[in-house]
file data05.txt (compact mmCIF, C-alpha atoms (C1' of nucleotides))
# COMPACT_ATOMS: atom_id res chain seq x y z
CA MET X 1 103.41 65.61 24.16
CA ASN X 2 102.43 67.60 27.21
CA LYS X 3 101.18 65.33 29.96
CA ASP X 4 98.26 67.52 30.97
CA PHE X 5 97.09 67.78 27.40
CA LEU X 6 96.85 64.03 27.17
CA ASP X 7 94.97 63.84 30.45
CA GLU X 8 92.50 66.39 29.26
CA GLU X 9 92.03 64.84 25.91
CA LEU X 10 91.36 61.50 27.55
CA ALA X 11 88.84 63.13 29.89
CA LEU X 12 87.11 64.65 26.89
CA LEU X 13 87.19 61.30 25.14
CA HIS X 14 85.64 59.69 28.17
CA ASP X 15 82.84 62.24 28.30
CA ARG X 16 82.05 62.68 24.66
CA ILE X 17 82.97 59.57 22.71
CA CYS X 18 83.37 56.56 24.96
CA PRO X 19 79.80 56.47 26.24
CA ALA X 20 78.85 55.34 22.76
CA LEU X 21 80.80 52.12 23.25
CA ASN X 22 79.90 51.68 26.83
CA HIS X 23 76.57 49.98 26.49
CA PRO X 24 75.65 46.93 24.45
CA LEU X 25 72.46 48.49 23.15
CA ARG X 26 74.25 51.61 22.00
CA MET X 27 76.88 49.55 20.26
CA LYS X 28 74.10 47.65 18.57
CA ILE X 29 72.44 50.88 17.46
CA LEU X 30 75.69 52.09 15.96
CA TYR X 31 76.28 48.78 14.30
CA VAL X 32 72.82 48.61 12.84
CA LEU X 33 72.93 52.19 11.63
CA LYS X 34 76.11 51.39 9.78
CA GLU X 35 74.02 49.43 7.30
CA LYS X 36 71.22 51.90 6.72
CA ALA X 37 69.36 54.85 8.17
CA MET X 38 66.52 53.87 10.48
CA ASN X 39 63.77 55.61 12.39
CA VAL X 40 63.03 55.12 16.05
CA GLY X 41 60.17 52.72 15.43
CA GLU X 42 62.31 50.47 13.27
CA LEU X 43 65.09 50.58 15.80
CA THR X 44 62.67 49.70 18.57
CA MET X 45 61.58 46.63 16.61
CA GLU X 46 65.15 45.68 15.86
CA MET X 47 66.32 46.01 19.44
CA GLY X 48 63.44 44.43 21.29
CA ILE X 49 63.40 46.93 24.14
CA PRO X 50 60.90 49.68 25.09
CA GLN X 51 60.78 52.70 22.85
CA SER X 52 61.69 55.01 25.69
CA SER X 53 64.95 53.15 26.17
CA VAL X 54 65.82 53.36 22.51
CA SER X 55 65.08 57.05 22.56
CA ARG X 56 67.24 57.63 25.56
CA HIS X 57 70.18 55.74 24.07
CA LEU X 58 69.74 57.70 20.89
CA SER X 59 69.86 60.92 22.85
CA VAL X 60 73.20 59.88 24.35
CA LEU X 61 74.57 59.38 20.87
CA ARG X 62 72.88 62.40 19.36
CA GLU X 63 74.01 64.85 22.03
CA ARG X 64 77.57 63.80 21.25
CA GLY X 65 77.21 64.16 17.51
CA LEU X 66 77.80 60.47 16.90
CA VAL X 67 74.52 59.94 15.10
CA ARG X 68 72.60 62.40 13.02
CA ALA X 69 68.83 62.91 13.35
CA GLU X 70 66.80 64.18 10.43
CA ARG X 71 63.12 64.86 10.79
CA GLN X 72 60.80 63.94 7.93
CA GLY X 73 57.27 64.80 8.90
CA THR X 74 56.50 62.99 12.10
CA THR X 75 59.24 60.40 11.87
CA ILE X 76 62.90 60.98 12.56
CA TRP X 77 65.62 59.19 10.61
CA TYR X 78 68.86 58.39 12.31
CA THR X 79 72.16 57.87 10.55
CA LEU X 80 75.64 57.07 11.77
CA ALA X 81 77.56 60.34 11.89
CA GLU X 82 80.94 58.85 12.74
CA LEU X 83 81.50 55.86 10.52
CA GLU X 84 84.74 55.07 12.29
CA LEU X 85 82.78 54.01 15.35
CA ALA X 86 81.73 50.95 13.39
CA THR X 87 85.37 50.34 12.55
CA VAL X 88 86.20 50.54 16.22
CA ILE X 89 83.54 48.00 17.08
CA ASP X 90 84.92 45.71 14.40
CA ILE X 91 88.40 46.00 15.87
CA LEU X 92 87.07 45.23 19.32
CA ARG X 93 85.23 42.22 17.97
CA GLY X 94 88.49 41.09 16.44
CA ILE X 95 90.26 41.34 19.78
CA LEU X 96 87.46 39.39 21.43
CA GLY X 97 87.57 36.77 18.74
CA ARG X 98 91.29 36.26 19.10
CA GLN X 99 90.95 36.01 22.84
CA LEU X 100 88.33 33.33 22.51
CA GLU X 101 90.43 31.33 20.08
CA GLY X 102 93.45 31.61 22.31
CA HIS X 103 92.32 30.54 25.73
CA LEU X 104 90.74 27.21 25.07
CA ASP X 105 89.27 26.84 28.52
CA GLN X 106 87.22 29.97 28.11
CA ALA X 107 86.66 29.40 24.44
CA GLN X 108 84.68 26.29 25.12
CA THR X 109 82.10 28.28 27.01
CA ILE X 110 81.78 30.74 24.23
CA LEU X 111 82.25 28.68 21.10
CA GLY X 112 78.62 29.07 20.12
CA ILE X 113 79.12 32.74 19.61
CA MET X 114 82.13 32.41 17.37
CA SER X 115 80.87 29.85 14.96
CA GLU X 116 78.45 32.20 13.28
CA GLU X 117 81.31 34.17 11.80
CA ALA X 118 83.04 31.36 10.01
CA MET H 119 74.00 37.00 10.80
CA ASN H 120 71.85 35.63 13.57
CA LYS H 121 70.42 38.38 15.72
CA ASP H 122 70.91 36.66 19.04
CA PHE H 123 74.53 35.93 18.23
CA LEU H 124 75.21 39.61 17.69
CA ASP H 125 73.48 40.47 20.95
CA GLU H 126 75.57 37.98 22.80
CA GLU H 127 78.78 39.05 21.19
CA LEU H 128 78.04 42.65 22.09
CA ALA H 129 77.30 41.63 25.67
CA LEU H 130 80.62 39.85 25.76
CA LEU H 131 82.32 42.86 24.27
CA HIS H 132 80.75 45.03 26.91
CA ASP H 133 81.93 42.76 29.70
CA ARG H 134 85.38 41.85 28.50
CA ILE H 135 86.78 44.56 26.26
CA CYS H 136 84.93 47.83 26.64
CA PRO H 137 85.77 48.41 30.30
CA ALA H 138 89.30 49.05 29.12
CA LEU H 139 88.13 52.14 27.26
CA ASN H 140 85.64 53.23 29.80
CA HIS H 141 87.86 55.10 32.17
CA PRO H 142 90.36 57.87 31.42
CA LEU H 143 93.01 56.38 33.67
CA ARG H 144 92.73 52.98 32.04
CA MET H 145 92.99 54.54 28.61
CA LYS H 146 96.06 56.35 29.80
CA ILE H 147 97.59 53.15 31.11
CA LEU H 148 97.02 51.46 27.77
CA TYR H 149 98.39 54.43 25.93
CA VAL H 150 101.48 54.63 28.07
CA LEU H 151 102.13 50.89 27.88
CA LYS H 152 102.06 51.16 24.11
CA GLU H 153 105.44 52.87 24.33
CA LYS H 154 107.19 50.56 26.75
CA ALA H 155 106.71 48.00 29.49
CA MET H 156 106.36 49.51 32.94
CA ASN H 157 106.04 48.28 36.50
CA VAL H 158 103.40 49.38 38.95
CA GLY H 159 105.65 51.85 40.70
CA GLU H 160 106.56 53.58 37.46
CA LEU H 161 102.93 53.67 36.42
CA THR H 162 101.96 55.13 39.78
CA MET H 163 104.47 57.94 39.25
CA GLU H 164 103.33 58.49 35.70
CA MET H 165 99.66 58.65 36.59
CA GLY H 166 99.75 60.71 39.76
CA ILE H 167 97.15 58.68 41.63
CA PRO H 168 97.42 56.32 44.62
CA GLN H 169 99.07 52.97 44.01
CA SER H 170 95.96 51.10 45.04
CA SER H 171 94.03 52.80 42.27
CA VAL H 172 96.64 51.95 39.68
CA SER H 173 96.59 48.38 40.86
CA ARG H 174 92.85 48.12 40.66
CA HIS H 175 92.78 49.55 37.15
CA LEU H 176 95.51 47.15 36.16
CA SER H 177 93.49 44.27 37.52
CA VAL H 178 90.56 45.28 35.36
CA LEU H 179 92.82 45.11 32.32
CA ARG H 180 94.72 42.03 33.41
CA GLU H 181 91.63 39.94 34.19
CA ARG H 182 90.49 40.58 30.64
CA GLY H 183 93.81 39.68 29.06
CA LEU H 184 94.33 43.18 27.70
CA VAL H 185 97.64 43.68 29.46
CA ARG H 186 100.21 41.06 30.33
CA ALA H 187 101.88 40.88 33.74
CA GLU H 188 105.29 39.34 34.11
CA ARG H 189 106.84 38.98 37.50
CA GLN H 190 110.56 39.59 37.88
CA GLY H 191 111.50 39.14 41.50
CA THR H 192 109.33 41.42 43.54
CA THR H 193 108.40 43.78 40.75
CA ILE H 194 105.84 43.09 38.06
CA TRP H 195 106.22 44.36 34.52
CA TYR H 196 103.15 45.19 32.55
CA THR H 197 102.93 45.20 28.79
CA LEU H 198 100.12 45.91 26.37
CA ALA H 199 98.70 42.56 25.29
CA GLU H 200 96.31 43.90 22.66
CA LEU H 201 98.15 46.47 20.61
CA GLU H 202 94.99 47.26 18.70
CA LEU H 203 93.57 48.93 21.77
CA ALA H 204 96.04 51.73 21.18
CA THR H 205 94.84 51.92 17.60
CA VAL H 206 91.28 52.20 18.84
CA ILE H 207 92.20 55.05 21.15
CA ASP H 208 93.89 56.80 18.24
CA ILE H 209 90.77 56.44 16.14
CA LEU H 210 88.63 57.82 18.94
CA ARG H 211 91.01 60.74 19.34
CA GLY H 212 90.63 61.36 15.64
CA ILE H 213 86.85 61.46 15.94
CA LEU H 214 87.10 63.85 18.86
CA GLY H 215 89.53 66.06 17.00
CA ARG H 216 87.31 66.29 13.97
CA GLN H 217 84.32 67.10 16.15
CA LEU H 218 86.17 69.94 17.80
CA GLU H 219 87.30 71.37 14.48
CA GLY H 220 84.09 70.78 12.63
CA HIS H 221 80.94 71.76 14.41
CA LEU H 222 81.48 75.35 15.33
CA ASP H 223 78.22 75.64 17.23
CA GLN H 224 79.14 72.78 19.49
CA ALA H 225 82.75 73.83 19.50
CA GLN H 226 81.73 76.98 21.26
CA THR H 227 80.20 74.97 24.07
CA ILE H 228 83.25 72.83 24.28
CA LEU H 229 85.72 75.61 24.07
CA GLY H 230 84.55 76.69 27.48
CA ILE H 231 85.31 73.26 28.76
CA MET H 232 88.74 73.39 27.26
CA SER H 233 89.57 76.91 28.32
CA GLU H 234 88.72 76.47 31.96
CA GLU H 235 91.81 74.36 32.14
CA ALA H 236 94.09 76.70 30.27
C1' DG L 237 112.03 32.81 59.32
C1' DC L 238 112.08 38.07 59.54
C1' DA L 239 112.32 42.70 57.67
C1' DG L 240 111.37 45.41 53.88
C1' DA L 241 109.90 46.46 49.27
C1' DA L 242 106.47 45.86 45.58
C1' DT L 243 101.95 44.84 44.42
C1' DA L 244 97.11 43.37 45.31
C1' DT L 245 92.75 43.29 47.75
C1' DT L 246 89.04 44.42 51.13
C1' DC L 247 85.78 47.71 52.71
C1' DG L 248 82.31 51.43 53.33
C1' DG L 249 80.67 55.31 51.36
C1' DA L 250 79.74 58.37 47.48
C1' DT L 251 78.40 59.10 42.53
C1' DA L 252 76.58 58.05 38.39
C1' DA L 253 73.84 55.15 34.99
C1' DA L 254 70.12 52.49 33.44
C1' DC L 255 65.51 50.95 33.71
C1' DG L 256 60.37 51.21 32.98
C1' DC L 257 56.41 53.61 33.42
C1' DA L 258 53.89 57.37 32.71
C1' DT L 259 53.55 61.58 30.49
C1' DA L 260 54.95 65.44 27.47
C1' DT L 261 55.99 67.44 22.94
C1' DA L 262 55.66 67.69 17.95
C1' DA L 263 53.72 66.99 13.41
C1' DG L 264 49.85 65.56 10.07
C1' DG L 265 45.34 64.56 8.61
C1' DG L 266 40.62 65.07 8.80
C1' DC B 267 40.67 72.25 16.56
C1' DC B 268 41.00 67.33 17.77
C1' DC B 269 42.89 62.82 17.21
C1' DT B 270 46.51 59.81 15.99
C1' DT B 271 51.15 58.58 15.21
C1' DA B 272 56.02 59.24 16.31
C1' DT B 273 59.47 60.51 19.42
C1' DA B 274 61.32 62.52 23.68
C1' DT B 275 61.63 63.39 28.72
C1' DG B 276 60.71 63.49 34.13
C1' DC B 277 60.79 60.72 37.87
C1' DG B 278 61.82 57.28 41.47
C1' DT B 279 64.27 53.12 42.08
C1' DT B 280 67.71 49.81 41.43
C1' DT B 281 72.34 48.62 40.07
C1' DA B 282 77.02 49.31 39.01
C1' DT B 283 81.45 51.77 39.51
C1' DC B 284 85.01 54.54 41.73
C1' DC B 285 87.64 56.10 45.34
C1' DG B 286 91.16 56.31 49.28
C1' DA B 287 92.76 54.34 53.43
C1' DA B 288 94.02 50.52 55.51
C1' DT B 289 95.44 45.84 55.27
C1' DA B 290 96.91 41.56 53.08
C1' DT B 291 99.92 38.94 49.97
C1' DT B 292 104.16 37.79 47.56
C1' DC B 293 108.79 37.87 46.93
C1' DT B 294 114.00 38.81 48.15
C1' DG B 295 118.08 39.07 50.95
C1' DC B 296 120.04 38.16 55.03
call {"tool": "encode", "arguments": {"input": "data05.txt", "output": "structure tokens"}}
result
Amino acid sequence: MNKDFLDEELALLHDRICPALNHPLRMKILYVLKEKAMNVGELTMEMGIPQSSVSRHLSVLRERGLVRAERQGTTIWYTLAELELATVIDILRGILGRQLEGHLDQAQTILGIMSEEA
Amino acid sequence: MNKDFLDEELALLHDRICPALNHPLRMKILYVLKEKAMNVGELTMEMGIPQSSVSRHLSVLRERGLVRAERQGTTIWYTLAELELATVIDILRGILGRQLEGHLDQAQTILGIMSEEA
DNA sequence: GCAGAATATTCGGATAAACGCATATAAGGG
DNA sequence: CCCTTATATGCGTTTATCCGAATATTCTGC
């Protein structure tokens, strides 16, 4: 594989895909949309942050084609356009989980978080 | 699943795992280490950036347990500690690839981005 | 214990995100 | 038309991240 191609693909990845994973609230939006379509009001409830923030995070995802927006009258329904993003988050959670099991010193701090999964 | 637990897990994910994916050079390091262990000098060659930058990116990954550092005399060999990170990058590349094929309207915008390099 | 090689860290400055508030746009119903 | 509901955006500020150059640390062989 050509070295410059890889560099460019990674740059593109960094611009267009990675921002989705690069903020806890955006990850949460993706994760929540995995279950069902939601409108901005519902998401705002779910997330517990100002509506303008939700809207801005949605725009980050929407501009990159990672969620889909469909207008129905005055409300707009959002769906997860790239289902694999949820898979990615699951993999990352798995890595985190294994790390927390492994290093017992750190695990102790964080045990509360893990126990909900069992 | 408790809502606060998810929030906290995502915060942890954002602090401890996501930074690995949040920089093209770090993604490249992970991707290159997937193939074989390398020392800092080799990585510096491979990446074409100053050694101090490579070292700082490595520290980001090392502090989070995502790469493993093993000293052998004066040189330090790095290996990929979480193989699934390479899987994640592959998935993200897949998403990107499909986006570039699929949406022709957006593709047009992006083609410019791609061609300026060609 | 000194010289040299390999790697890590400190530092100041530049760039980019994120935030919240206020406001703008868009659609529907009277 | 005007009012209300739903969603998006402009703006100024704060906060975080990156960078390269220089310097510090760690190890080896002599």
call {"tool": "calpha_fit_and_write", "arguments": {"input": "data05.txt", "fixed": "chain X", "moving": "chain H", "output": "tab-separated table (two decimals) with C-alpha atoms, keeping the file's coordinate frame"}}
result
chain	number	residue	atom	x	y	z
H	119	MET	CA	103.11	65.65	25.52
H	120	ASN	CA	101.96	67.20	28.75
H	121	LYS	CA	100.70	64.59	31.17
H	122	ASP	CA	97.72	66.55	32.43
H	123	PHE	CA	96.58	67.24	28.89
H	124	LEU	CA	96.45	63.54	28.14
H	125	ASP	CA	94.52	62.90	31.34
H	126	GLU	CA	92.01	65.53	30.44
H	127	GLU	CA	91.65	64.37	26.89
H	128	LEU	CA	91.04	60.84	28.10
H	129	ALA	CA	88.44	62.10	30.56
H	130	LEU	CA	86.75	63.91	27.72
H	131	LEU	CA	86.94	60.81	25.58
H	132	HIS	CA	85.37	58.82	28.36
H	133	ASP	CA	82.53	61.29	28.73
H	134	ARG	CA	81.81	62.14	25.13
H	135	ILE	CA	82.82	59.29	22.86
H	136	CYS	CA	83.25	56.04	24.73
H	137	PRO	CA	79.66	55.72	25.93
H	138	ALA	CA	78.79	55.03	22.33
H	139	LEU	CA	80.78	51.81	22.45
H	140	ASN	CA	79.84	50.88	25.93
H	141	HIS	CA	76.55	49.20	25.32
H	142	PRO	CA	75.71	46.40	22.88
H	143	LEU	CA	72.52	48.06	21.74
H	144	ARG	CA	74.27	51.34	21.03
H	145	MET	CA	76.95	49.54	19.08
H	146	LYS	CA	74.23	47.84	17.13
H	147	ILE	CA	72.52	51.14	16.40
H	148	LEU	CA	75.77	52.59	15.10
H	149	TYR	CA	76.43	49.51	13.07
H	150	VAL	CA	72.99	49.48	11.55
H	151	LEU	CA	73.05	53.20	10.78
H	152	LYS	CA	76.28	52.67	8.89
H	153	GLU	CA	74.23	51.00	6.17
H	154	LYS	CA	71.41	53.49	5.86
H	155	ALA	CA	69.48	56.23	7.62
H	156	MET	CA	66.63	54.96	9.75
H	157	ASN	CA	63.84	56.44	11.84
H	158	VAL	CA	63.06	55.49	15.40
H	159	GLY	CA	60.24	53.17	14.46
H	160	GLU	CA	62.42	51.22	12.05
H	161	LEU	CA	65.19	51.03	14.61
H	162	THR	CA	62.74	49.80	17.23
H	163	MET	CA	61.70	46.98	14.90
H	164	GLU	CA	65.28	46.18	14.04
H	165	MET	CA	66.43	46.05	17.65
H	166	GLY	CA	63.55	44.22	19.28
H	167	ILE	CA	63.44	46.36	22.41
H	168	PRO	CA	60.90	48.92	23.66
H	169	GLN	CA	60.77	52.23	21.83
H	170	SER	CA	61.63	54.15	24.97
H	171	SER	CA	64.89	52.24	25.23
H	172	VAL	CA	65.79	52.93	21.63
H	173	SER	CA	65.04	56.57	22.18
H	174	ARG	CA	67.17	56.79	25.26
H	175	HIS	CA	70.11	55.12	23.54
H	176	LEU	CA	69.68	57.46	20.62
H	177	SER	CA	69.76	60.42	22.96
H	178	VAL	CA	73.06	59.24	24.38
H	179	LEU	CA	74.48	59.21	20.86
H	180	ARG	CA	72.76	62.37	19.71
H	181	GLU	CA	73.84	64.49	22.69
H	182	ARG	CA	77.41	63.59	21.84
H	183	GLY	CA	77.09	64.40	18.16
H	184	LEU	CA	77.75	60.82	17.12
H	185	VAL	CA	74.50	60.47	15.22
H	186	ARG	CA	72.59	63.16	13.40
H	187	ALA	CA	68.83	63.59	13.73
H	188	GLU	CA	66.84	65.18	10.97
H	189	ARG	CA	63.17	65.79	11.39
H	190	GLN	CA	60.87	65.23	8.43
H	191	GLY	CA	57.33	65.94	9.49
H	192	THR	CA	56.57	63.80	12.48
H	193	THR	CA	59.28	61.24	11.89
H	194	ILE	CA	62.95	61.72	12.66
H	195	TRP	CA	65.69	60.21	10.54
H	196	TYR	CA	68.91	59.22	12.16
H	197	THR	CA	72.22	58.95	10.40
H	198	LEU	CA	75.70	58.05	11.56
H	199	ALA	CA	77.57	61.30	12.11
H	200	GLU	CA	80.97	59.76	12.83
H	201	LEU	CA	81.60	57.07	10.27
H	202	GLU	CA	84.82	56.13	12.00
H	203	LEU	CA	82.83	54.66	14.86
H	204	ALA	CA	81.87	51.85	12.53
H	205	THR	CA	85.53	51.40	11.70
H	206	VAL	CA	86.31	51.18	15.39
H	207	ILE	CA	83.68	48.51	15.89
H	208	ASP	CA	85.17	46.57	12.99
H	209	ILE	CA	88.61	46.76	14.55
H	210	LEU	CA	87.25	45.56	17.88
H	211	ARG	CA	85.48	42.69	16.14
H	212	GLY	CA	88.79	41.81	14.56
H	213	ILE	CA	90.50	41.71	17.95
H	214	LEU	CA	87.73	39.53	19.32
H	215	GLY	CA	87.91	37.21	16.35
H	216	ARG	CA	91.63	36.76	16.68
H	217	GLN	CA	91.27	36.08	20.39
H	218	LEU	CA	88.73	33.37	19.75
H	219	GLU	CA	90.88	31.72	17.11
H	220	GLY	CA	94.16	32.16	18.87
H	221	HIS	CA	94.22	31.28	22.51
H	222	LEU	CA	92.93	27.77	22.64
H	223	ASP	CA	92.98	27.59	26.42
H	224	GLN	CA	90.76	30.61	26.72
H	225	ALA	CA	88.81	29.59	23.67
H	226	GLN	CA	87.64	26.56	25.55
H	227	THR	CA	86.17	28.75	28.26
H	228	ILE	CA	84.54	30.92	25.70
H	229	LEU	CA	83.26	28.15	23.56
H	230	GLY	CA	80.89	27.31	26.36
H	231	ILE	CA	79.63	30.82	26.28
H	232	MET	CA	79.11	30.61	22.57
H	233	SER	CA	77.55	27.18	22.52
H	234	GLU	CA	74.92	27.87	25.12
H	235	GLU	CA	73.30	30.01	22.51
H	236	ALA	CA	73.56	27.56	19.67
call {"tool": "interface_residues", "arguments": {"input": "data05.txt", "of": "chain X", "to": "chain B", "cutoff": "10 Å", "atoms": "all atoms listed in the file", "output": "PDB file with C-alpha atoms, keeping the file's coordinate frame"}}
result
ATOM      1  CA  ASN X  39      63.770  55.610  12.390  1.00  0.00           C
ATOM      2  CA  VAL X  40      63.030  55.120  16.050  1.00  0.00           C
ATOM      3  CA  GLY X  41      60.170  52.720  15.430  1.00  0.00           C
ATOM      4  CA  GLN X  51      60.780  52.700  22.850  1.00  0.00           C
ATOM      5  CA  SER X  52      61.690  55.010  25.690  1.00  0.00           C
ATOM      6  CA  SER X  55      65.080  57.050  22.560  1.00  0.00           C
ATOM      7  CA  ARG X  56      67.240  57.630  25.560  1.00  0.00           C
ATOM      8  CA  SER X  59      69.860  60.920  22.850  1.00  0.00           C
ATOM      9  CA  GLY X  73      57.270  64.800   8.900  1.00  0.00           C
ATOM     10  CA  THR X  74      56.500  62.990  12.100  1.00  0.00           C
ATOM     11  CA  THR X  75      59.240  60.400  11.870  1.00  0.00           C
ATOM     12  CA  ILE X  76      62.900  60.980  12.560  1.00  0.00           C
TER      13      ILE X  76
END
call {"tool": "atom_distance", "arguments": {"input": "data05.txt", "atom1": "atom CA of H:Leu210", "atom2": "atom CA of X:Val54"}}
result
23.5 Å
call {"tool": "atom_distance", "arguments": {"input": "data05.txt", "atom1": "atom CA of H:His175", "atom2": "atom CA of H:Ala155"}}
result
16.0 Å
call {"tool": "interface_residues", "arguments": {"input": "data05.txt", "of": "chain X", "to": "chain H", "cutoff": "8 Å", "atoms": "only C-alpha atoms", "output": "number ranges by chain"}}
result
X: 7, 9-11, 13-14, 16-19, 21-24, 27-28, 65, 82, 84-85, 88, 91-93, 95-96, 99, 113, 116-117
call {"tool": "atom_distance", "arguments": {"input": "data05.txt", "atom1": "atom CA of X:Ser53", "atom2": "atom C1' of L:DA254"}}
result
8.9 Å
call {"tool": "interface_residues", "arguments": {"input": "data05.txt", "of": "chain L", "to": "chain X", "cutoff": "12 Å", "atoms": "only C-alpha atoms (C1' of nucleotides)", "output": "ChimeraX atom specification"}}
result
/L:253-259,261-265
call {"tool": "build_atoms", "arguments": {"input": "data05.txt", "residues": "stretch 91-105 of chain X", "atoms": "N, CA and C atoms", "output": "PDB file, in the coordinates of the input"}}
result
ATOM      1  N   ILE X  91      87.095  46.306  15.278  1.00  0.00           N
ATOM      2  CA  ILE X  91      88.400  46.000  15.870  1.00  0.00           C
ATOM      3  C   ILE X  91      88.219  45.306  17.213  1.00  0.00           C
ATOM      4  N   LEU X  92      87.303  45.831  18.004  1.00  0.00           N
ATOM      5  CA  LEU X  92      87.070  45.230  19.320  1.00  0.00           C
ATOM      6  C   LEU X  92      86.559  43.805  19.184  1.00  0.00           C
ATOM      7  N   ARG X  93      85.695  43.586  18.202  1.00  0.00           N
ATOM      8  CA  ARG X  93      85.230  42.220  17.970  1.00  0.00           C
ATOM      9  C   ARG X  93      86.392  41.321  17.585  1.00  0.00           C
ATOM     10  N   GLY X  94      87.311  41.869  16.811  1.00  0.00           N
ATOM     11  CA  GLY X  94      88.490  41.090  16.440  1.00  0.00           C
ATOM     12  C   GLY X  94      89.310  40.699  17.658  1.00  0.00           C
ATOM     13  N   ILE X  95      89.509  41.643  18.555  1.00  0.00           N
ATOM     14  CA  ILE X  95      90.260  41.340  19.780  1.00  0.00           C
ATOM     15  C   ILE X  95      89.540  40.245  20.556  1.00  0.00           C
ATOM     16  N   LEU X  96      88.246  40.406  20.709  1.00  0.00           N
ATOM     17  CA  LEU X  96      87.460  39.390  21.430  1.00  0.00           C
ATOM     18  C   LEU X  96      87.602  38.032  20.766  1.00  0.00           C
ATOM     19  N   GLY X  97      87.471  38.026  19.451  1.00  0.00           N
ATOM     20  CA  GLY X  97      87.570  36.770  18.740  1.00  0.00           C
ATOM     21  C   GLY X  97      88.901  36.083  18.964  1.00  0.00           C
ATOM     22  N   ARG X  98      89.973  36.853  18.880  1.00  0.00           N
ATOM     23  CA  ARG X  98      91.290  36.260  19.100  1.00  0.00           C
ATOM     24  C   ARG X  98      91.435  35.743  20.516  1.00  0.00           C
ATOM     25  N   GLN X  99      90.883  36.470  21.456  1.00  0.00           N
ATOM     26  CA  GLN X  99      90.950  36.010  22.840  1.00  0.00           C
ATOM     27  C   GLN X  99      90.228  34.683  23.004  1.00  0.00           C
ATOM     28  N   LEU X 100      89.111  34.555  22.341  1.00  0.00           N
ATOM     29  CA  LEU X 100      88.330  33.330  22.510  1.00  0.00           C
ATOM     30  C   LEU X 100      89.008  32.145  21.838  1.00  0.00           C
ATOM     31  N   GLU X 101      89.647  32.402  20.700  1.00  0.00           N
ATOM     32  CA  GLU X 101      90.430  31.330  20.080  1.00  0.00           C
ATOM     33  C   GLU X 101      91.547  30.881  21.001  1.00  0.00           C
ATOM     34  N   GLY X 102      92.256  31.866  21.527  1.00  0.00           N
ATOM     35  CA  GLY X 102      93.450  31.610  22.310  1.00  0.00           C
ATOM     36  C   GLY X 102      93.218  30.737  23.518  1.00  0.00           C
ATOM     37  N   HIS X 103      92.488  31.257  24.472  1.00  0.00           N
ATOM     38  CA  HIS X 103      92.320  30.540  25.730  1.00  0.00           C
ATOM     39  C   HIS X 103      91.244  29.485  25.561  1.00  0.00           C
ATOM     40  N   LEU X 104      91.682  28.264  25.413  1.00  0.00           N
ATOM     41  CA  LEU X 104      90.740  27.210  25.070  1.00  0.00           C
ATOM     42  C   LEU X 104      89.752  26.935  26.189  1.00  0.00           C
ATOM     43  N   ASP X 105      90.177  27.096  27.407  1.00  0.00           N
ATOM     44  CA  ASP X 105      89.270  26.840  28.520  1.00  0.00           C
ATOM     45  C   ASP X 105      88.061  27.761  28.434  1.00  0.00           C
TER      46      ASP X 105
END
